[in-house]
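Colleague: What follows is upload.tsv, TSV, C-alpha atoms and all ligand atoms.
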```
chain	number	residue	atom	x	y	z
A	23	MET	CA	-15.51	153.81	-39.72
A	24	LYS	CA	-12.58	152.04	-38.25
A	25	MET	CA	-13.16	148.34	-38.11
A	26	PRO	CA	-11.75	146.38	-35.21
A	27	LYS	CA	-9.12	143.97	-36.21
A	28	ILE	CA	-10.66	140.61	-36.67
A	29	ASN	CA	-8.45	137.66	-36.12
A	30	LEU	CA	-10.51	134.55	-36.26
A	31	ARG	CA	-7.56	132.26	-35.84
A	32	VAL	CA	-6.60	133.84	-32.54
A	33	LEU	CA	-10.21	133.61	-31.43
A	34	LYS	CA	-10.35	129.96	-32.40
A	35	ASN	CA	-7.16	129.04	-30.54
A	36	GLN	CA	-8.16	130.94	-27.50
A	37	THR	CA	-11.62	129.42	-27.37
A	38	GLN	CA	-10.33	125.91	-27.94
A	39	LYS	CA	-7.84	126.29	-25.13
A	40	GLU	CA	-10.47	127.47	-22.73
A	41	ILE	CA	-12.88	124.71	-23.69
A	42	GLU	CA	-10.10	122.24	-23.13
A	43	LYS	CA	-9.51	123.55	-19.62
A	44	ALA	CA	-13.13	123.60	-18.52
A	45	GLU	CA	-13.57	121.29	-15.53
A	46	ASN	CA	-17.31	121.19	-15.29
A	47	LEU	CA	-20.48	122.10	-17.11
A	48	LYS	CA	-20.82	125.38	-15.30
A	49	GLU	CA	-17.40	126.55	-16.37
A	50	LEU	CA	-18.10	125.39	-19.92
A	51	ASP	CA	-21.29	127.36	-19.96
A	52	GLU	CA	-19.43	130.51	-18.91
A	53	ILE	CA	-16.97	130.03	-21.79
A	54	PHE	CA	-19.84	129.45	-24.23
A	55	LYS	CA	-21.41	132.72	-23.14
A	56	LYS	CA	-18.11	134.53	-23.46
A	57	TYR	CA	-17.71	133.57	-27.13
A	58	LEU	CA	-21.03	132.45	-28.53
A	59	GLY	CA	-23.49	134.12	-26.17
A	60	LYS	CA	-25.57	137.19	-27.09
A	61	ARG	CA	-22.68	139.48	-26.40
A	62	GLY	CA	-20.06	136.85	-27.09
A	63	GLU	CA	-16.92	137.75	-28.97
A	64	LEU	CA	-17.70	135.69	-32.05
A	65	THR	CA	-21.32	136.83	-32.05
A	66	GLN	CA	-20.08	140.39	-32.13
A	67	VAL	CA	-17.81	139.61	-35.05
A	68	LEU	CA	-20.78	138.19	-36.94
A	69	ARG	CA	-22.77	141.28	-36.15
A	70	LEU	CA	-20.06	143.53	-37.51
A	71	LEU	CA	-19.97	141.72	-40.82
A	72	GLU	CA	-22.58	143.84	-42.51
A	73	LYS	CA	-20.44	146.88	-42.01
A	74	LEU	CA	-17.61	145.38	-44.03
A	75	PRO	CA	-17.14	145.93	-47.69
A	76	LYS	CA	-18.74	143.19	-49.71
A	77	THR	CA	-15.55	141.41	-50.75
A	78	LYS	CA	-14.33	141.07	-47.25
A	79	ARG	CA	-17.75	140.34	-45.91
A	80	VAL	CA	-18.19	137.16	-47.94
A	81	LYS	CA	-14.81	135.78	-47.06
A	82	ILE	CA	-14.78	136.62	-43.41
A	83	GLY	CA	-18.44	135.76	-43.12
A	84	ARG	CA	-17.85	132.25	-44.36
A	85	GLU	CA	-14.85	131.81	-42.09
A	86	ALA	CA	-16.71	133.19	-39.09
A	87	ASN	CA	-19.68	130.90	-39.66
A	88	GLU	CA	-17.42	127.93	-40.09
A	89	LEU	CA	-15.71	128.83	-36.87
A	90	LYS	CA	-19.07	129.17	-35.15
A	91	ASN	CA	-20.10	125.69	-36.25
A	92	PHE	CA	-16.73	124.31	-35.34
A	93	LEU	CA	-16.89	125.79	-31.88
A	94	ARG	CA	-20.45	124.59	-31.31
A	95	THR	CA	-19.36	121.07	-32.03
A	96	ALA	CA	-16.37	121.51	-29.73
A	97	PHE	CA	-18.66	122.73	-26.96
A	98	ASP	CA	-21.08	119.86	-27.49
A	99	GLN	CA	-18.32	117.30	-27.39
A	100	LYS	CA	-16.80	118.78	-24.28
A	101	ALA	CA	-20.20	118.95	-22.62
A	102	GLN	CA	-20.78	115.29	-23.38
A	103	GLU	CA	-17.35	114.42	-22.02
A	104	LEU	CA	-17.95	116.36	-18.80
A	105	LYS	CA	-21.35	114.76	-18.27
A	106	GLU	CA	-19.87	111.32	-18.63
A	107	LYS	CA	-17.10	112.20	-16.23
A	108	ALA	CA	-19.59	113.45	-13.64
A	109	GLN	CA	-21.70	110.33	-14.07
A	110	LYS	CA	-18.67	108.12	-13.62
A	111	LYS	CA	-17.76	109.93	-10.44
A	112	ILE	CA	-21.24	109.32	-9.04
A	113	GLU	CA	-21.07	105.70	-10.04
A	114	GLU	CA	-17.72	105.27	-8.35
A	115	LYS	CA	-18.97	106.88	-5.19
A	116	GLU	CA	-22.28	105.08	-5.13
A	117	TRP	CA	-21.09	101.79	-6.37
A	118	ILE	CA	-23.01	98.93	-4.92
A	119	ASP	CA	-21.59	95.49	-4.62
A	120	ILE	CA	-24.70	93.47	-5.31
A	121	THR	CA	-22.88	90.28	-4.42
A	122	ALA	CA	-22.04	91.46	-0.89
A	123	PRO	CA	-24.06	89.77	1.86
A	124	GLY	CA	-26.89	92.00	3.13
A	125	LYS	CA	-26.69	93.92	6.37
A	126	LYS	CA	-29.24	92.62	8.83
A	127	PRO	CA	-31.40	95.45	10.18
A	128	VAL	CA	-31.52	95.48	13.95
A	129	LEU	CA	-35.02	94.37	14.82
A	130	GLY	CA	-36.77	96.01	17.72
A	131	HIS	CA	-38.20	93.79	20.40
A	132	LEU	CA	-40.58	94.01	23.28
A	133	HIS	CA	-39.71	94.82	26.87
A	134	PRO	CA	-39.81	91.74	29.13
A	135	LEU	CA	-42.63	93.31	31.17
A	136	THR	CA	-44.63	93.86	27.99
A	137	LEU	CA	-44.05	90.24	27.01
A	138	VAL	CA	-45.22	89.02	30.39
A	139	LYS	CA	-48.18	91.39	30.44
A	140	ARG	CA	-49.31	90.16	27.03
A	141	GLU	CA	-48.97	86.58	28.06
A	142	VAL	CA	-50.97	87.16	31.25
A	143	GLU	CA	-53.67	88.90	29.23
A	144	GLU	CA	-53.79	86.05	26.78
A	145	ILE	CA	-54.06	83.35	29.43
A	146	PHE	CA	-56.81	85.14	31.37
A	147	GLY	CA	-58.44	86.08	28.08
A	148	SER	CA	-58.72	82.39	27.26
A	149	MET	CA	-60.63	81.96	30.54
A	150	GLY	CA	-63.13	84.68	29.67
A	151	PHE	CA	-61.52	87.65	31.43
A	152	SER	CA	-61.52	91.02	29.70
A	153	VAL	CA	-58.79	93.62	30.10
A	154	VAL	CA	-59.74	96.86	31.84
A	155	GLU	CA	-57.65	99.93	32.65
A	156	GLY	CA	-57.82	102.76	35.16
A	157	PRO	CA	-56.02	106.03	35.89
A	158	GLU	CA	-52.53	106.13	37.39
A	159	MET	CA	-53.38	109.42	39.14
A	160	GLU	CA	-56.06	108.46	41.59
A	161	THR	CA	-58.22	109.98	44.30
A	162	GLU	CA	-57.74	108.90	47.87
A	163	TRP	CA	-61.34	107.75	47.80
A	164	TYR	CA	-60.76	105.08	45.16
A	165	ASN	CA	-57.28	104.13	46.29
A	166	PHE	CA	-58.16	103.85	50.00
A	167	ASP	CA	-61.60	104.81	51.39
A	168	ALA	CA	-63.72	102.91	48.89
A	169	LEU	CA	-61.50	99.89	49.54
A	170	ASN	CA	-62.44	99.94	53.19
A	171	ILE	CA	-59.24	101.70	54.28
A	172	PRO	CA	-60.40	104.77	56.23
A	173	GLN	CA	-58.21	107.81	56.74
A	174	ASP	CA	-56.78	106.88	60.13
A	175	HIS	CA	-56.61	103.14	59.57
A	176	PRO	CA	-53.12	101.77	60.21
A	177	ALA	CA	-53.44	99.64	57.07
A	178	ARG	CA	-52.75	102.77	55.04
A	179	ASP	CA	-49.16	102.43	56.12
A	180	LEU	CA	-48.93	99.26	54.03
A	181	TRP	CA	-48.87	101.44	50.98
A	182	ASP	CA	-46.36	104.29	51.13
A	183	THR	CA	-47.99	106.88	49.00
A	184	PHE	CA	-46.84	109.62	46.63
A	185	TYR	CA	-49.07	112.64	47.21
A	186	LEU	CA	-49.42	115.04	44.27
A	187	LYS	CA	-49.75	118.81	44.40
A	188	ASN	CA	-53.09	118.65	42.59
A	189	GLY	CA	-54.67	116.82	45.54
A	190	LEU	CA	-54.54	113.42	43.87
A	191	ILE	CA	-52.14	110.57	44.57
A	192	LEU	CA	-50.29	108.07	42.42
A	193	ARG	CA	-52.21	104.85	42.88
A	194	THR	CA	-50.40	102.42	45.13
A	195	HIS	CA	-52.17	99.39	43.67
A	196	THR	CA	-54.58	98.47	40.88
A	197	SER	CA	-57.37	97.61	43.35
A	198	PRO	CA	-59.11	101.03	42.95
A	199	VAL	CA	-60.10	99.87	39.47
A	200	GLN	CA	-62.23	97.18	41.13
A	201	VAL	CA	-64.47	99.91	42.51
A	202	ARG	CA	-64.38	102.01	39.36
A	203	TYR	CA	-65.43	99.01	37.30
A	204	MET	CA	-68.13	97.75	39.66
A	205	GLU	CA	-69.72	101.20	39.84
A	206	ARG	CA	-70.35	101.15	36.13
A	207	ASN	CA	-70.96	97.51	35.30
A	208	ASN	CA	-73.44	94.96	36.50
A	209	PRO	CA	-72.19	91.51	37.48
A	210	PRO	CA	-71.52	88.85	36.48
A	211	PHE	CA	-68.10	89.76	35.14
A	212	ARG	CA	-64.47	88.72	35.06
A	213	ILE	CA	-61.78	91.29	34.48
A	214	ILE	CA	-58.07	91.74	34.80
A	215	VAL	CA	-56.48	95.15	35.23
A	216	PRO	CA	-52.83	95.47	34.26
A	217	GLY	CA	-51.13	98.75	35.13
A	218	ASN	CA	-48.40	100.77	36.80
A	219	VAL	CA	-48.52	101.40	40.53
A	220	PHE	CA	-46.25	103.60	42.63
A	221	ARG	CA	-44.90	103.31	46.14
A	222	HIS	CA	-42.74	105.68	48.07
A	223	GLU	CA	-40.08	103.10	48.86
A	224	ALA	CA	-36.33	102.77	48.89
A	225	THR	CA	-35.17	100.45	46.14
A	226	ASP	CA	-33.20	97.24	46.53
A	227	PRO	CA	-32.96	94.01	44.51
A	228	SER	CA	-36.54	93.14	45.39
A	229	HIS	CA	-38.14	96.59	45.80
A	230	GLU	CA	-38.97	99.26	43.26
A	231	PHE	CA	-41.01	102.44	43.63
A	232	GLN	CA	-42.79	101.83	40.34
A	233	LEU	CA	-44.27	98.41	39.79
A	234	TYR	CA	-46.51	96.67	37.33
A	235	GLN	CA	-49.51	94.90	38.82
A	236	VAL	CA	-52.27	92.78	37.42
A	237	GLU	CA	-55.50	92.94	39.35
A	238	GLY	CA	-58.09	90.24	38.86
A	239	LEU	CA	-61.76	90.41	39.77
A	240	MET	CA	-64.56	87.94	39.29
A	241	VAL	CA	-68.07	88.64	40.58
A	242	ASP	CA	-71.13	86.44	40.21
A	243	LYS	CA	-74.02	85.04	42.25
A	244	ASP	CA	-72.08	82.12	43.50
A	245	VAL	CA	-68.31	82.24	43.29
A	246	SER	CA	-65.98	80.83	45.88
A	247	VAL	CA	-62.38	80.28	46.86
A	248	ALA	CA	-62.64	76.98	44.97
A	249	ASN	CA	-63.29	78.93	41.73
A	250	PHE	CA	-60.37	81.11	42.53
A	251	LYS	CA	-58.04	78.18	43.09
A	252	ALA	CA	-59.07	76.62	39.80
A	253	VAL	CA	-58.45	79.83	37.88
A	254	VAL	CA	-55.05	80.69	39.38
A	255	GLY	CA	-53.95	77.05	39.11
A	256	GLU	CA	-54.72	77.12	35.41
A	257	PHE	CA	-52.93	80.43	35.09
A	258	PHE	CA	-49.72	79.15	36.73
A	259	ARG	CA	-49.74	76.00	34.61
A	260	LYS	CA	-50.02	77.99	31.40
A	261	PHE	CA	-47.65	80.76	32.44
A	262	PHE	CA	-44.79	78.57	33.67
A	263	LYS	CA	-45.61	75.80	31.18
A	264	LYS	CA	-45.46	73.15	33.86
A	265	GLU	CA	-47.38	71.91	36.86
A	266	VAL	CA	-46.78	74.42	39.65
A	267	LYS	CA	-47.71	73.73	43.27
A	268	PHE	CA	-49.22	76.69	45.05
A	269	ARG	CA	-50.63	77.43	48.47
A	270	LEU	CA	-52.99	79.95	50.02
A	271	ARG	CA	-52.16	81.27	53.47
A	272	PRO	CA	-54.25	83.58	55.61
A	273	ASP	CA	-53.31	87.21	55.19
A	274	PHE	CA	-54.92	90.57	55.75
A	275	PHE	CA	-56.24	93.14	53.30
A	276	PRO	CA	-58.96	95.58	54.31
A	277	PHE	CA	-60.81	95.07	51.02
A	278	THR	CA	-61.04	91.25	51.14
A	279	GLU	CA	-62.42	88.87	53.71
A	280	PRO	CA	-61.07	86.30	54.08
A	281	SER	CA	-57.72	87.35	52.65
A	282	PHE	CA	-54.81	85.20	51.68
A	283	ASP	CA	-51.44	85.37	50.07
A	284	ILE	CA	-50.58	83.05	47.24
A	285	GLY	CA	-47.27	81.26	47.19
A	286	ILE	CA	-46.01	79.06	44.40
A	287	SER	CA	-43.44	76.34	44.80
A	288	CYS	CA	-40.11	77.96	44.04
A	289	VAL	CA	-39.45	77.69	40.32
A	290	MET	CA	-35.72	78.08	40.89
A	291	CYS	CA	-35.27	75.00	43.07
A	292	ASP	CA	-38.59	73.19	42.42
A	293	GLY	CA	-39.53	73.60	46.05
A	294	LYS	CA	-36.41	72.05	47.49
A	295	GLY	CA	-35.28	75.28	49.15
A	296	CYS	CA	-32.73	77.79	47.84
A	297	SER	CA	-31.53	81.36	48.43
A	298	VAL	CA	-34.28	82.83	46.27
A	299	CYS	CA	-37.09	81.29	48.34
A	300	LYS	CA	-35.04	81.65	51.52
A	301	GLU	CA	-35.08	77.88	51.96
A	302	GLU	CA	-38.86	77.91	52.23
A	303	GLY	CA	-39.57	76.19	48.94
A	304	PHE	CA	-42.38	78.69	48.28
A	305	LEU	CA	-42.49	82.21	46.87
A	306	GLU	CA	-45.19	84.80	47.50
A	307	VAL	CA	-46.51	86.11	44.21
A	308	ALA	CA	-49.87	87.68	44.96
A	309	GLY	CA	-52.38	88.92	47.49
A	310	ALA	CA	-56.00	87.82	47.14
A	311	GLY	CA	-59.30	87.25	48.88
A	312	MET	CA	-63.07	87.37	48.72
A	313	VAL	CA	-64.41	90.85	48.00
A	314	HIS	CA	-65.33	92.60	51.27
A	315	PRO	CA	-69.03	93.59	51.63
A	316	ASN	CA	-68.02	97.21	52.21
A	317	VAL	CA	-66.29	97.29	48.84
A	318	PHE	CA	-69.49	96.10	47.16
A	319	LYS	CA	-71.41	98.75	49.10
A	320	ASN	CA	-68.99	101.49	48.07
A	321	SER	CA	-69.36	100.33	44.47
A	322	LYS	CA	-73.17	100.60	44.69
A	323	LEU	CA	-73.75	96.84	44.61
A	324	ILE	CA	-75.85	95.06	47.20
A	325	PRO	CA	-73.43	92.82	49.16
A	326	LYS	CA	-75.88	90.02	49.86
A	327	ASP	CA	-76.65	89.68	46.13
A	328	TRP	CA	-73.08	89.10	45.01
A	329	GLN	CA	-69.94	87.17	45.70
A	330	GLY	CA	-66.54	87.82	44.27
A	331	TRP	CA	-62.87	87.24	44.55
A	332	ALA	CA	-59.97	89.47	43.67
A	333	PHE	CA	-56.22	89.13	43.39
A	334	GLY	CA	-53.23	91.38	42.75
A	335	PHE	CA	-50.12	89.96	41.08
A	336	GLY	CA	-46.79	91.74	40.78
A	337	LEU	CA	-45.82	91.42	37.16
A	338	GLU	CA	-42.12	91.97	37.87
A	339	ARG	CA	-42.21	89.10	40.29
A	340	LEU	CA	-43.74	86.81	37.69
A	341	ALA	CA	-41.22	87.94	35.08
A	342	MET	CA	-38.32	87.42	37.50
A	343	LEU	CA	-39.42	83.87	38.17
A	344	LYS	CA	-40.11	83.07	34.56
A	345	TYR	CA	-36.83	84.46	33.21
A	346	LYS	CA	-34.76	83.85	36.35
A	347	ILE	CA	-33.90	87.51	36.94
A	348	ASN	CA	-32.44	88.32	40.34
A	349	ASP	CA	-32.76	92.13	40.54
A	350	ILE	CA	-36.09	93.90	40.12
A	351	ARG	CA	-34.35	97.21	39.34
A	352	LEU	CA	-33.14	95.86	35.99
A	353	PHE	CA	-36.60	96.21	34.43
A	354	ARG	CA	-36.61	99.98	34.42
A	355	SER	CA	-32.86	100.51	34.24
A	356	GLY	CA	-32.90	100.92	30.45
A	357	ASP	CA	-29.74	98.81	30.39
A	358	LEU	CA	-29.49	97.38	26.88
A	359	ARG	CA	-27.28	94.49	28.01
A	360	PHE	CA	-30.29	93.33	29.99
A	361	LEU	CA	-33.02	94.26	27.53
A	362	ASN	CA	-31.36	92.77	24.47
A	363	GLN	CA	-31.72	89.29	25.92
A	364	PHE	CA	-35.45	89.29	25.29
B	1	LIG	N1	-53.92	95.46	46.21
B	1	LIG	C1	-53.15	94.52	47.00
B	1	LIG	C2	-51.70	95.01	47.03
B	1	LIG	O1	-51.30	95.81	46.26
B	1	LIG	C3	-53.22	93.13	46.44
B	1	LIG	C4	-54.60	92.56	46.47
B	1	LIG	C5	-55.45	92.69	45.40
B	1	LIG	C6	-55.04	91.88	47.58
B	1	LIG	C7	-56.71	92.16	45.42
B	1	LIG	C8	-56.30	91.33	47.63
B	1	LIG	C9	-57.14	91.48	46.56
B	1	LIG	O2	-50.93	94.57	47.86
```
Please express the file's structure as structure tokens.
Ligand code: PHE
Modeller:
Amino acid sequence: MKMPKINLRVLKNQTQKEIEKAENLKELDEIFKKYLGKRGELTQVLRLLEKLPKTKRVKIGREANELKNFLRTAFDQKAQELKEKAQKKIEEKEWIDITAPGKKPVLGHLHPLTLVKREVEEIFGSMGFSVVEGPEMETEWYNFDALNIPQDHPARDLWDTFYLKNGLILRTHTSPVQVRYMERNNPPFRIIVPGNVFRHEATDPSHEFQLYQVEGLMVDKDVSVANFKAVVGEFFRKFFKKEVKFRLRPDFFPFTEPSFDIGISCVMCDGKGCSVCKEEGFLEVAGAGMVHPNVFKNSKLIPKDWQGWAFGFGLERLAMLKYKINDIRLFRSGDLRFLNQF
């Protein structure tokens, strides 16, 4: 049988050169397979040994085994070297300067209306009022009829309404929750109802088509306008953190009798008269009144058994006065230059 020519020295040089050139572990592995793998060149030489005559076999066998050990070590060393190189690269890339000052994460914060809403809830909460909610999609019954505003009553024009395709409307005020609550709960009670309301209106610096209201309702055997004045007075004092003068003036709402609007002494000019209060010294912030007997009736309460008062604040208005904001449209503009100030 013709033996292939075995030149271990050539094999050694060649292998060494290739190991030297390997740039990463994958390449090195390929080279290992090429020479020392199952079908590797050196492995094949070792396999052929037994076919050699004994004299040659011993000599070449020793040399081949030595070469195999030599190459293994060379592979191991190179592998180690490549691993260290890779590690170093990672370290360089991911190097962290632990002495550098930390980056401050940008903290989220609450929307000014949320802040004001929470504060209002807290103040009324401290006076024994619980927070109640109602649906934003409402029936005409709760939004109007039950509140003593019949279909053809001109007072409906006070609230420009969004009519929905499903036969419901977007509530124009939070007052329908008065009826919803009274239907299901027996007096005495005190509640506030914060929530979105919607009006089909053109917008300007003091008008929005989506507003945030807080309704208030207190019903008991014997409550009066005097109670009401005490409660709102306390609210203003706590909310504006100072003594605030306020006044009640006769007004009209179909669901209260008597009705009044509430004005507070202008917080911008302390009542002296300025452009915000149109030189009046007072600002209207809420509508209010004693619950109308028809509203009790529509809520399945007997009017002569109960007395109550209700109010409806515009939360935007309160926030504008508290933070001295001059355009109501800013609240829902999503403008970060505005929002980041809170
Ligand atoms: N619902 C009235 C409005 O939106 C405000 C109001 C509430 C008036 C409760 C009287 C009593 O204008």
Colleague: Could you pull the residues within 12 Å of His175 of chain A, counting only C-alpha atoms, minus those fewer than 5 positions along the same chain, as an MDAnalysis selection string?
Modeller: chainID A and resid 166:167 169:170 180:181 275:276
Colleague: Taking C-alpha atoms for each residue, export the selection above as a PDB file, keeping the file's coordinate frame.
Modeller:
```pdb
ATOM      1  CA  PHE A 166     -58.160 103.850  50.000  1.00  0.00           C
ATOM      2  CA  ASP A 167     -61.600 104.810  51.390  1.00  0.00           C
ATOM      3  CA  LEU A 169     -61.500  99.890  49.540  1.00  0.00           C
ATOM      4  CA  ASN A 170     -62.440  99.940  53.190  1.00  0.00           C
ATOM      5  CA  LEU A 180     -48.930  99.260  54.030  1.00  0.00           C
ATOM      6  CA  TRP A 181     -48.870 101.440  50.980  1.00  0.00           C
ATOM      7  CA  PHE A 275     -56.240  93.140  53.300  1.00  0.00           C
ATOM      8  CA  PRO A 276     -58.960  95.580  54.310  1.00  0.00           C
TER       9      PRO A 276
END
```
Colleague: Could you report the residues within 9 Å of ligand LIG 1 (chain B), using all atoms listed in the file, as a ChimeraX atom specification?
Modeller: /A:180-181,194-198,200,219,235-239,274-279,281-283,308-313,331-336
Colleague: Please save C-alpha atoms of the selected residues as a short mmCIF file (atom, residue, chain, number, x, y, z; two decimals), keeping the file's coordinate frame.
Modeller:
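Contents of result07.cif, as written:
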```cif
data_model
loop_
_atom_site.label_atom_id
_atom_site.label_comp_id
_atom_site.auth_asym_id
_atom_site.auth_seq_id
_atom_site.Cartn_x
_atom_site.Cartn_y
_atom_site.Cartn_z
CA LEU A 180 -48.93 99.26 54.03
CA TRP A 181 -48.87 101.44 50.98
CA THR A 194 -50.40 102.42 45.13
CA HIS A 195 -52.17 99.39 43.67
CA THR A 196 -54.58 98.47 40.88
CA SER A 197 -57.37 97.61 43.35
CA PRO A 198 -59.11 101.03 42.95
CA GLN A 200 -62.23 97.18 41.13
CA VAL A 219 -48.52 101.40 40.53
CA GLN A 235 -49.51 94.90 38.82
CA VAL A 236 -52.27 92.78 37.42
CA GLU A 237 -55.50 92.94 39.35
CA GLY A 238 -58.09 90.24 38.86
CA LEU A 239 -61.76 90.41 39.77
CA PHE A 274 -54.92 90.57 55.75
CA PHE A 275 -56.24 93.14 53.30
CA PRO A 276 -58.96 95.58 54.31
CA PHE A 277 -60.81 95.07 51.02
CA THR A 278 -61.04 91.25 51.14
CA GLU A 279 -62.42 88.87 53.71
CA SER A 281 -57.72 87.35 52.65
CA PHE A 282 -54.81 85.20 51.68
CA ASP A 283 -51.44 85.37 50.07
CA ALA A 308 -49.87 87.68 44.96
CA GLY A 309 -52.38 88.92 47.49
CA ALA A 310 -56.00 87.82 47.14
CA GLY A 311 -59.30 87.25 48.88
CA MET A 312 -63.07 87.37 48.72
CA VAL A 313 -64.41 90.85 48.00
CA TRP A 331 -62.87 87.24 44.55
CA ALA A 332 -59.97 89.47 43.67
CA PHE A 333 -56.22 89.13 43.39
CA GLY A 334 -53.23 91.38 42.75
CA PHE A 335 -50.12 89.96 41.08
CA GLY A 336 -46.79 91.74 40.78
#
```
Colleague: I'd like the interatomic distance between atom CA of Asp182 of chain A and atom CA of Arg140 of chain A, to a tenth of an Å.
Modeller: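 Distance between the two atoms: 28.1 Å.
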Colleague: Quick one: distance from atom CA of Asp242 of chain A to atom CA of Asn208 of chain A in Å, one decimal?
Modeller: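 Calculated distance between atom CA of Asp242 of chain A and atom CA of Asn208 of chain A is 9.6 Å.
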Colleague: Which value, in Å to one decimal, gives the distance between atom CA of His229 of chain A and atom CA of Phe353 of chain A?
Modeller: 11.5 Å
Colleague: For Gly356 of chain A, which residue among A:His133, A:Gln102, A:Asp174, A:Asp119 is the nearest when counting only C-alpha atoms?
Modeller: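 When distances to Gly356 of chain A are compared using only C-alpha atoms, the smallest one comes from A:His133.
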Colleague: Report as lines of an AutoDock Vina configuration file the centre and the edge lengths, in Å to one decimal, of the axis-aligned box holding every listed atom of segment 189-206 of chain A, padded by 6 Å on each side.
Modeller:
```
center_x = -60.3
center_y = 107.0
center_z = 40.8
size_x = 32.1
size_y = 31.6
size_z = 21.4
```
Colleague: Which residue, A:Glu72, A:Glu160, A:Glu141, A:Asp226, has the smallest gap to Arg351 of chain A when you use only C-alpha atoms?
Modeller: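 Answer, going by the shortest atom-to-atom distance: A:Asp226.
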Colleague: A:Arg269, A:Lys187, A:Arg339, A:Lys326: which is nearest Ser228 of chain A, counting all atoms listed in the file?
Modeller: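 Among the listed residues, the smallest separation from Ser228 of chain A belongs to A:Arg339.
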Colleague: Go through A:Asp349, A:Lys322, A:Phe54, A:Arg193 and flag the residue nearest Thr95 of chain A, using all atoms listed in the file for the distances.
Modeller: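 When distances to Thr95 of chain A are compared using all atoms listed in the file, the smallest one comes from A:Phe54.
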Colleague: Set out as CSV a contact list for segment 121-193 of chain A and segment 259-262 of chain A with a cut-off of 12 Å, giving each residue of segment 121-193 of chain A that qualifies its closest atom pair and distance in Å to one decimal, counting all atoms listed in the file, ordered by chain and rising residue number.
Modeller:
```
residue,atom,partner,partner_atom,distance
A:Leu137,CA,A:Phe261,CA,11.5
A:Val138,CA,A:Phe261,CA,8.9
A:Lys139,CA,A:Phe261,CA,10.8
A:Arg140,CA,A:Phe261,CA,11.0
A:Glu141,CA,A:Phe261,CA,7.4
A:Val142,CA,A:Phe261,CA,7.3
A:Glu143,CA,A:Phe261,CA,10.6
A:Glu144,CA,A:Phe261,CA,9.9
A:Ile145,CA,A:Lys260,CA,7.0
A:Phe146,CA,A:Lys260,CA,9.9
A:Ser148,CA,A:Lys260,CA,10.6
A:Met149,CA,A:Lys260,CA,11.4
```
Colleague: Quick one: of A:Thr183, A:Met204, A:Ile53, A:Glu106, who's nearest to Lys319 of chain A, counting all atoms listed in the file?
Modeller: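 Result for the nearest residue to Lys319 of chain A: A:Met204.
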Colleague: Using all atoms listed in the file, which residues sit within 8 Å of Ser152 of chain A once same-chain residues fewer than 5 positions away are excluded, as a compact mmCIF listing (two decimals) with C-alpha atoms, in the frame of the given file?
Modeller:
```txt
# COMPACT_ATOMS: atom_id res chain seq x y z
CA PHE A 146 -56.81 85.14 31.37
CA GLY A 147 -58.44 86.08 28.08
CA ARG A 212 -64.47 88.72 35.06
CA ILE A 213 -61.78 91.29 34.48
CA ILE A 214 -58.07 91.74 34.80
```
Colleague: Counting all atoms listed in the file, which residue out of A:Pro216, A:His314, A:Ser297, A:Lys100 sits closest to Thr136 of chain A?
Modeller: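 Answer, going by the shortest atom-to-atom distance: A:Pro216.
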Colleague: Need the shell around segment 68-71 of chain A: protein/DNA/RNA residues with any atom at most 10 Å away, counting all atoms listed in the file. Skip same-chain ones fewer than 3 positions apart. Format as a list of chain:residue names?
Modeller: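 So the residues in contact are A:Met25, A:Pro26, A:Ile28, A:Arg61, A:Gly62, A:Glu63, A:Leu64, A:Thr65, A:Leu74, A:Pro75, A:Lys76, A:Lys78, A:Arg79, A:Val80, A:Ile82, A:Gly83, A:Arg84, A:Ala86, A:Asn87, A:Lys90.
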Colleague: Skipping near chain neighbours, those fewer than 2 positions away, what residues fall within 6 Å of Tyr234 of chain A using all atoms listed in the file, listed as a ChimeraX atom specification?
Modeller: /A:217-218,337
